[in-house]
Amino acid sequence: MSEALAQPANVPVRDDAPRPLGSVVTERPLVRWLLIAVALTFLGLFLVLPLVTVFAQALAKGWQAYLAAFSEPDAQSAIRLTLLVAAIAVPFNLVFGVAASWAIAKFEFRGKNLLVTLIDLPFSVSPVVSGLIYVLVFGSRGLFGPFLLEHDIQIIFALPGIVLATIFVTFPFVARQLIPLMQEQGTAEEEAALTLGASGWHAFRTVTLPNIRWGLLYSVLLCNARAMGEFGAVSVVSGHIRGLTNTLPLHVEILYNEYNFVAAFAVASLLAGLALVTLAIKSVLEWRYADDIAAGARRH
Amino acid sequence: MLHDFTLDVRAGELLALLGPSGSGKTTLLRIIAGLDFPDRGRIIFGGDDATRVPVQKRSVGFVFQHYALFKHMTVAQNIAYGLKARKRSERPDKAEIKRRVGNLLDLIKLSGFADRYPSQLSGGQRQRIALARALAVEPRVLLLDEPFGALDAQVRKDLRRWLREIHDRTGQTTIFVTHDQDEALELSDRVAVLDRGRLEQVGTPDEVQEHPVSPTVLKFLGDTIEVEAIAQDGKVLVNGRPTPLTAPEGLVGPVKLYARPWQLQFAEADAAHLTGTVRSSYRTQGRQRIEVDRPGAKTVVVEASDTARLAGGREVGLRIVDGYVFP
């Protein structure tokens, strides 16, 4: 600022003259405006508009038709199934995700890199393939097919298959989030707890877990959103039996294919609502606990 | 990596493990604590073999370089952690825990800080909390891993003096690791010098300074100059001129002579052991230090209290008045 003040008044300030402090990386107003406009247009076209469309279509024939879509027994069973699958898959991935990241972040062992790669696998495999794997293993012509048939155990085209496929697809969420976080936190606090006489479990409960609680909540949130919204893998193993093995996303597809647009969008609006709530909580967590969620975030 | 040695730590003493980085001092401390395990050898606590005792049962207090305080707990909860982690039958009741935490907070002079969180404290304060937390479990031995390494110079000095006071008051057997000679010599009852996994020497600060057993110890304890010399008839000659030093028994022929900056004096050319030209001189902590370049040899630093600033480029002669002789 002082430089600007020191400038004689009669010297015209050129456009490319040094700007006040802190503006070196700032673009000119026109460029700035243009960039913002491009970004907003893109966001509007590809994110906001579809979201609005979902709700607009769902309510196209009024509230009555909207609510009717949920009172249908097939819709209710789809909601129940989706909640049930998430209720099994998410806690499962929570426990295994924490265990895996704890082992990977705090201990040295052979095959560690292989384990990390395996945990990442579901992210790089197409969900359809993830579903097919289970059909090939547990299907009637699969590896264990004859055995399962003999003992009257049904996995494919039933709840266990859907749960397995969901677990597979959502497995990386918790571990991926926690491994870098726990690695960054190191083992000194745990060692301190051990020297003070704490057992391994006590140290884990009183030191490790509190240190990762917000990161854990964050990853569980994302894991849950994906578990409820998963389509591809579940579609392969579900068999699309109405009222039995249809989850919400599958139910939306069936309704849509039957040209029942209002009902399809009404059910879809439920998933969209879930996404919005997830997004809101996620933003609050990121805003409030940025330090504790991800590794490498700002530190005080 | 540690080689074979025996180190006897006396009850109630303050022992420094001194060595350059990579000398194995932290490894040794972690093995004593039970955080690492030796391939062979034993750790004995007051007659009991502790080698196979798990870290929780060793009864050690460990203070980490970067404090390792529990971030999500208050100062009081941090200090009480070890007491609360005990089995129900051995755990003091709530009032007793509170009383002990209070006493420890008094001891570390942070009485008003019980309900603060570690992130609200300075580095020096955090390290004091870490020490109180370690003392709370009344350990048999207190282990400190570079306890002042992460602090700035002034705080480090204050904490050193303060740690000595605490030790004098509690009589707690204490081993601390440092790579700072001044810290080790100022603070400890005895110093154990480690180098590349070997225990070079153990002794009081005076002993290791006056009678270093090897050039390694000597060099590590401070600035040293190294000169080629000849041992002959019990005398040590440099450049053909005798020095006041006597050669160790049975040492004849080429030897190495080591001297501290204050064991050299300026001298006339006909009495000098070494000659060179003054490169620069500077004053540090009330003493004049002069760097002298020698042709074909390492620059030496001379410490002299009686000289005025010597101009650069001046030819000078140096006499060795004291030093150490090694093969």
# chains A, B, ... in the order shown; residues from 1 in each chain; ligands from 1

call {"tool": "interface_residues", "arguments": {"of": "chain B", "to": "chain A", "cutoff": "9 Å", "atoms": "only C-alpha atoms", "output": "VMD selection string"}}
result
chain B and resid 33 to 35 55 to 64 66 to 72 81 to 86 119 133 to 134 136 to 137 139

call {"tool": "residues_around", "arguments": {"residues": "A:Asn246", "least_positions_apart": "5", "cutoff": "12 Å", "atoms": "only C-alpha atoms", "output": "number ranges by chain"}}
result
A: 73-85, 157-159, 162, 228, 230-231, 234-241, 251-255

call {"tool": "closest_residue", "arguments": {"among": "B:Phe148, B:Phe113, B:Phe37, B:Phe45", "to": "B:Gln127", "atoms": "only C-alpha atoms"}}
result
B:Phe148

call {"tool": "closest_residue", "arguments": {"among": "A:Ala266, A:Val31, A:Ala165, A:Ile88", "to": "A:Gln64", "atoms": "only C-alpha atoms"}}
result
A:Ala266

call {"tool": "select_by_dssp", "arguments": {"residues": "stretch 110-260 of chain B", "states": "alpha helix (DSSP H)", "output": "number ranges by chain"}}
result
B: 123-136, 153-170, 181-187, 205-210, 215-220

call {"tool": "atom_distance", "arguments": {"atom1": "atom CA of A:Thr166", "atom2": "atom CA of A:Phe55"}}
result
26.7 Å

call {"tool": "decode", "arguments": {"residues": "stretch 156-171 of chain A", "atoms": "all heavy atoms", "output": "PDB file, in the first residue's frame"}}
result
ATOM      1  N   ILE A 156     -26.934 -66.007  -4.243  1.00  0.00           N
ATOM      2  CA  ILE A 156     -27.228 -65.174  -5.401  1.00  0.00           C
ATOM      3  C   ILE A 156     -28.745 -65.075  -5.562  1.00  0.00           C
ATOM      4  O   ILE A 156     -29.473 -66.011  -5.266  1.00  0.00           O
ATOM      5  CB  ILE A 156     -26.578 -65.792  -6.657  1.00  0.00           C
ATOM      6  CG1 ILE A 156     -25.059 -65.840  -6.467  1.00  0.00           C
ATOM      7  CG2 ILE A 156     -26.923 -65.001  -7.908  1.00  0.00           C
ATOM      8  CD1 ILE A 156     -24.421 -64.510  -6.145  1.00  0.00           C
ATOM      9  N   PHE A 157     -29.184 -63.892  -6.028  1.00  0.00           N
ATOM     10  CA  PHE A 157     -30.609 -63.586  -6.154  1.00  0.00           C
ATOM     11  C   PHE A 157     -31.291 -63.596  -4.789  1.00  0.00           C
ATOM     12  O   PHE A 157     -32.460 -63.928  -4.671  1.00  0.00           O
ATOM     13  CB  PHE A 157     -31.329 -64.551  -7.108  1.00  0.00           C
ATOM     14  CG  PHE A 157     -30.655 -64.652  -8.444  1.00  0.00           C
ATOM     15  CD1 PHE A 157     -30.607 -65.841  -9.146  1.00  0.00           C
ATOM     16  CD2 PHE A 157     -30.039 -63.516  -8.997  1.00  0.00           C
ATOM     17  CE1 PHE A 157     -29.973 -65.926 -10.379  1.00  0.00           C
ATOM     18  CE2 PHE A 157     -29.404 -63.603 -10.230  1.00  0.00           C
ATOM     19  CZ  PHE A 157     -29.366 -64.798 -10.921  1.00  0.00           C
ATOM     20  N   ALA A 158     -30.537 -63.284  -3.760  1.00  0.00           N
ATOM     21  CA  ALA A 158     -31.100 -63.212  -2.409  1.00  0.00           C
ATOM     22  C   ALA A 158     -30.327 -62.171  -1.606  1.00  0.00           C
ATOM     23  O   ALA A 158     -29.337 -61.605  -2.071  1.00  0.00           O
ATOM     24  CB  ALA A 158     -31.023 -64.572  -1.722  1.00  0.00           C
ATOM     25  N   LEU A 159     -30.763 -61.968  -0.377  1.00  0.00           N
ATOM     26  CA  LEU A 159     -30.156 -60.945   0.473  1.00  0.00           C
ATOM     27  C   LEU A 159     -28.641 -61.114   0.647  1.00  0.00           C
ATOM     28  O   LEU A 159     -27.899 -60.138   0.497  1.00  0.00           O
ATOM     29  CB  LEU A 159     -30.858 -60.937   1.839  1.00  0.00           C
ATOM     30  CG  LEU A 159     -30.305 -59.939   2.846  1.00  0.00           C
ATOM     31  CD1 LEU A 159     -30.577 -58.505   2.416  1.00  0.00           C
ATOM     32  CD2 LEU A 159     -30.873 -60.189   4.234  1.00  0.00           C
ATOM     33  N   PRO A 160     -28.143 -62.357   0.940  1.00  0.00           N
ATOM     34  CA  PRO A 160     -26.699 -62.479   1.170  1.00  0.00           C
ATOM     35  C   PRO A 160     -25.873 -61.981   0.000  1.00  0.00           C
ATOM     36  O   PRO A 160     -24.850 -61.317   0.186  1.00  0.00           O
ATOM     37  CB  PRO A 160     -26.509 -63.986   1.378  1.00  0.00           C
ATOM     38  CG  PRO A 160     -27.830 -64.480   1.832  1.00  0.00           C
ATOM     39  CD  PRO A 160     -28.853 -63.628   1.150  1.00  0.00           C
ATOM     40  N   GLY A 161     -26.313 -62.268  -1.223  1.00  0.00           N
ATOM     41  CA  GLY A 161     -25.591 -61.827  -2.411  1.00  0.00           C
ATOM     42  C   GLY A 161     -25.531 -60.313  -2.502  1.00  0.00           C
ATOM     43  O   GLY A 161     -24.488 -59.725  -2.798  1.00  0.00           O
ATOM     44  N   ILE A 162     -26.687 -59.687  -2.234  1.00  0.00           N
ATOM     45  CA  ILE A 162     -26.750 -58.229  -2.312  1.00  0.00           C
ATOM     46  C   ILE A 162     -25.826 -57.606  -1.260  1.00  0.00           C
ATOM     47  O   ILE A 162     -25.092 -56.658  -1.535  1.00  0.00           O
ATOM     48  CB  ILE A 162     -28.209 -57.757  -2.104  1.00  0.00           C
ATOM     49  CG1 ILE A 162     -29.088 -58.320  -3.225  1.00  0.00           C
ATOM     50  CG2 ILE A 162     -28.285 -56.242  -2.069  1.00  0.00           C
ATOM     51  CD1 ILE A 162     -30.561 -58.078  -3.029  1.00  0.00           C
ATOM     52  N   VAL A 163     -25.859 -58.181  -0.058  1.00  0.00           N
ATOM     53  CA  VAL A 163     -25.004 -57.662   1.013  1.00  0.00           C
ATOM     54  C   VAL A 163     -23.529 -57.833   0.638  1.00  0.00           C
ATOM     55  O   VAL A 163     -22.731 -56.897   0.759  1.00  0.00           O
ATOM     56  CB  VAL A 163     -25.306 -58.384   2.345  1.00  0.00           C
ATOM     57  CG1 VAL A 163     -24.262 -58.033   3.392  1.00  0.00           C
ATOM     58  CG2 VAL A 163     -26.692 -58.010   2.836  1.00  0.00           C
ATOM     59  N   LEU A 164     -23.175 -59.036   0.132  1.00  0.00           N
ATOM     60  CA  LEU A 164     -21.784 -59.295  -0.249  1.00  0.00           C
ATOM     61  C   LEU A 164     -21.304 -58.307  -1.310  1.00  0.00           C
ATOM     62  O   LEU A 164     -20.221 -57.718  -1.202  1.00  0.00           O
ATOM     63  CB  LEU A 164     -21.637 -60.726  -0.778  1.00  0.00           C
ATOM     64  CG  LEU A 164     -21.528 -61.829   0.276  1.00  0.00           C
ATOM     65  CD1 LEU A 164     -21.497 -63.190  -0.404  1.00  0.00           C
ATOM     66  CD2 LEU A 164     -20.266 -61.632   1.111  1.00  0.00           C
ATOM     67  N   ALA A 165     -22.143 -58.126  -2.349  1.00  0.00           N
ATOM     68  CA  ALA A 165     -21.755 -57.218  -3.428  1.00  0.00           C
ATOM     69  C   ALA A 165     -21.592 -55.794  -2.893  1.00  0.00           C
ATOM     70  O   ALA A 165     -20.658 -55.071  -3.269  1.00  0.00           O
ATOM     71  CB  ALA A 165     -22.796 -57.251  -4.533  1.00  0.00           C
ATOM     72  N   THR A 166     -22.493 -55.382  -2.001  1.00  0.00           N
ATOM     73  CA  THR A 166     -22.416 -54.029  -1.440  1.00  0.00           C
ATOM     74  C   THR A 166     -21.158 -53.862  -0.600  1.00  0.00           C
ATOM     75  O   THR A 166     -20.460 -52.849  -0.694  1.00  0.00           O
ATOM     76  CB  THR A 166     -23.672 -53.740  -0.590  1.00  0.00           C
ATOM     77  OG1 THR A 166     -24.826 -54.005  -1.384  1.00  0.00           O
ATOM     78  CG2 THR A 166     -23.681 -52.303  -0.132  1.00  0.00           C
ATOM     79  N   ILE A 167     -20.882 -54.874   0.211  1.00  0.00           N
ATOM     80  CA  ILE A 167     -19.666 -54.808   1.035  1.00  0.00           C
ATOM     81  C   ILE A 167     -18.435 -54.676   0.151  1.00  0.00           C
ATOM     82  O   ILE A 167     -17.555 -53.856   0.392  1.00  0.00           O
ATOM     83  CB  ILE A 167     -19.546 -56.066   1.933  1.00  0.00           C
ATOM     84  CG1 ILE A 167     -20.561 -55.992   3.061  1.00  0.00           C
ATOM     85  CG2 ILE A 167     -18.132 -56.183   2.503  1.00  0.00           C
ATOM     86  CD1 ILE A 167     -20.628 -57.245   3.909  1.00  0.00           C
ATOM     87  N   PHE A 168     -18.412 -55.474  -0.921  1.00  0.00           N
ATOM     88  CA  PHE A 168     -17.254 -55.445  -1.806  1.00  0.00           C
ATOM     89  C   PHE A 168     -17.058 -54.053  -2.406  1.00  0.00           C
ATOM     90  O   PHE A 168     -15.967 -53.504  -2.387  1.00  0.00           O
ATOM     91  CB  PHE A 168     -17.436 -56.479  -2.932  1.00  0.00           C
ATOM     92  CG  PHE A 168     -16.270 -56.561  -3.864  1.00  0.00           C
ATOM     93  CD1 PHE A 168     -15.176 -57.352  -3.555  1.00  0.00           C
ATOM     94  CD2 PHE A 168     -16.261 -55.837  -5.049  1.00  0.00           C
ATOM     95  CE1 PHE A 168     -14.092 -57.415  -4.421  1.00  0.00           C
ATOM     96  CE2 PHE A 168     -15.170 -55.903  -5.911  1.00  0.00           C
ATOM     97  CZ  PHE A 168     -14.092 -56.691  -5.595  1.00  0.00           C
ATOM     98  N   VAL A 169     -18.147 -53.497  -2.899  1.00  0.00           N
ATOM     99  CA  VAL A 169     -18.034 -52.216  -3.588  1.00  0.00           C
ATOM    100  C   VAL A 169     -17.668 -51.077  -2.620  1.00  0.00           C
ATOM    101  O   VAL A 169     -16.948 -50.154  -2.965  1.00  0.00           O
ATOM    102  CB  VAL A 169     -19.364 -51.906  -4.311  1.00  0.00           C
ATOM    103  CG1 VAL A 169     -19.360 -50.495  -4.853  1.00  0.00           C
ATOM    104  CG2 VAL A 169     -19.576 -52.898  -5.431  1.00  0.00           C
ATOM    105  N   THR A 170     -18.146 -51.163  -1.384  1.00  0.00           N
ATOM    106  CA  THR A 170     -17.916 -50.049  -0.454  1.00  0.00           C
ATOM    107  C   THR A 170     -16.742 -50.303   0.482  1.00  0.00           C
ATOM    108  O   THR A 170     -16.479 -49.491   1.365  1.00  0.00           O
ATOM    109  CB  THR A 170     -19.177 -49.790   0.403  1.00  0.00           C
ATOM    110  OG1 THR A 170     -19.516 -51.000   1.084  1.00  0.00           O
ATOM    111  CG2 THR A 170     -20.348 -49.359  -0.442  1.00  0.00           C
ATOM    112  N   PHE A 171     -16.035 -51.400   0.265  1.00  0.00           N
ATOM    113  CA  PHE A 171     -14.953 -51.739   1.194  1.00  0.00           C
ATOM    114  C   PHE A 171     -13.880 -50.660   1.335  1.00  0.00           C
ATOM    115  O   PHE A 171     -13.419 -50.373   2.435  1.00  0.00           O
ATOM    116  CB  PHE A 171     -14.303 -53.076   0.785  1.00  0.00           C
ATOM    117  CG  PHE A 171     -13.330 -53.585   1.797  1.00  0.00           C
ATOM    118  CD1 PHE A 171     -13.785 -54.159   2.973  1.00  0.00           C
ATOM    119  CD2 PHE A 171     -11.962 -53.447   1.622  1.00  0.00           C
ATOM    120  CE1 PHE A 171     -12.904 -54.601   3.942  1.00  0.00           C
ATOM    121  CE2 PHE A 171     -11.071 -53.889   2.583  1.00  0.00           C
ATOM    122  CZ  PHE A 171     -11.537 -54.460   3.743  1.00  0.00           C
TER     123      PHE A 171
END
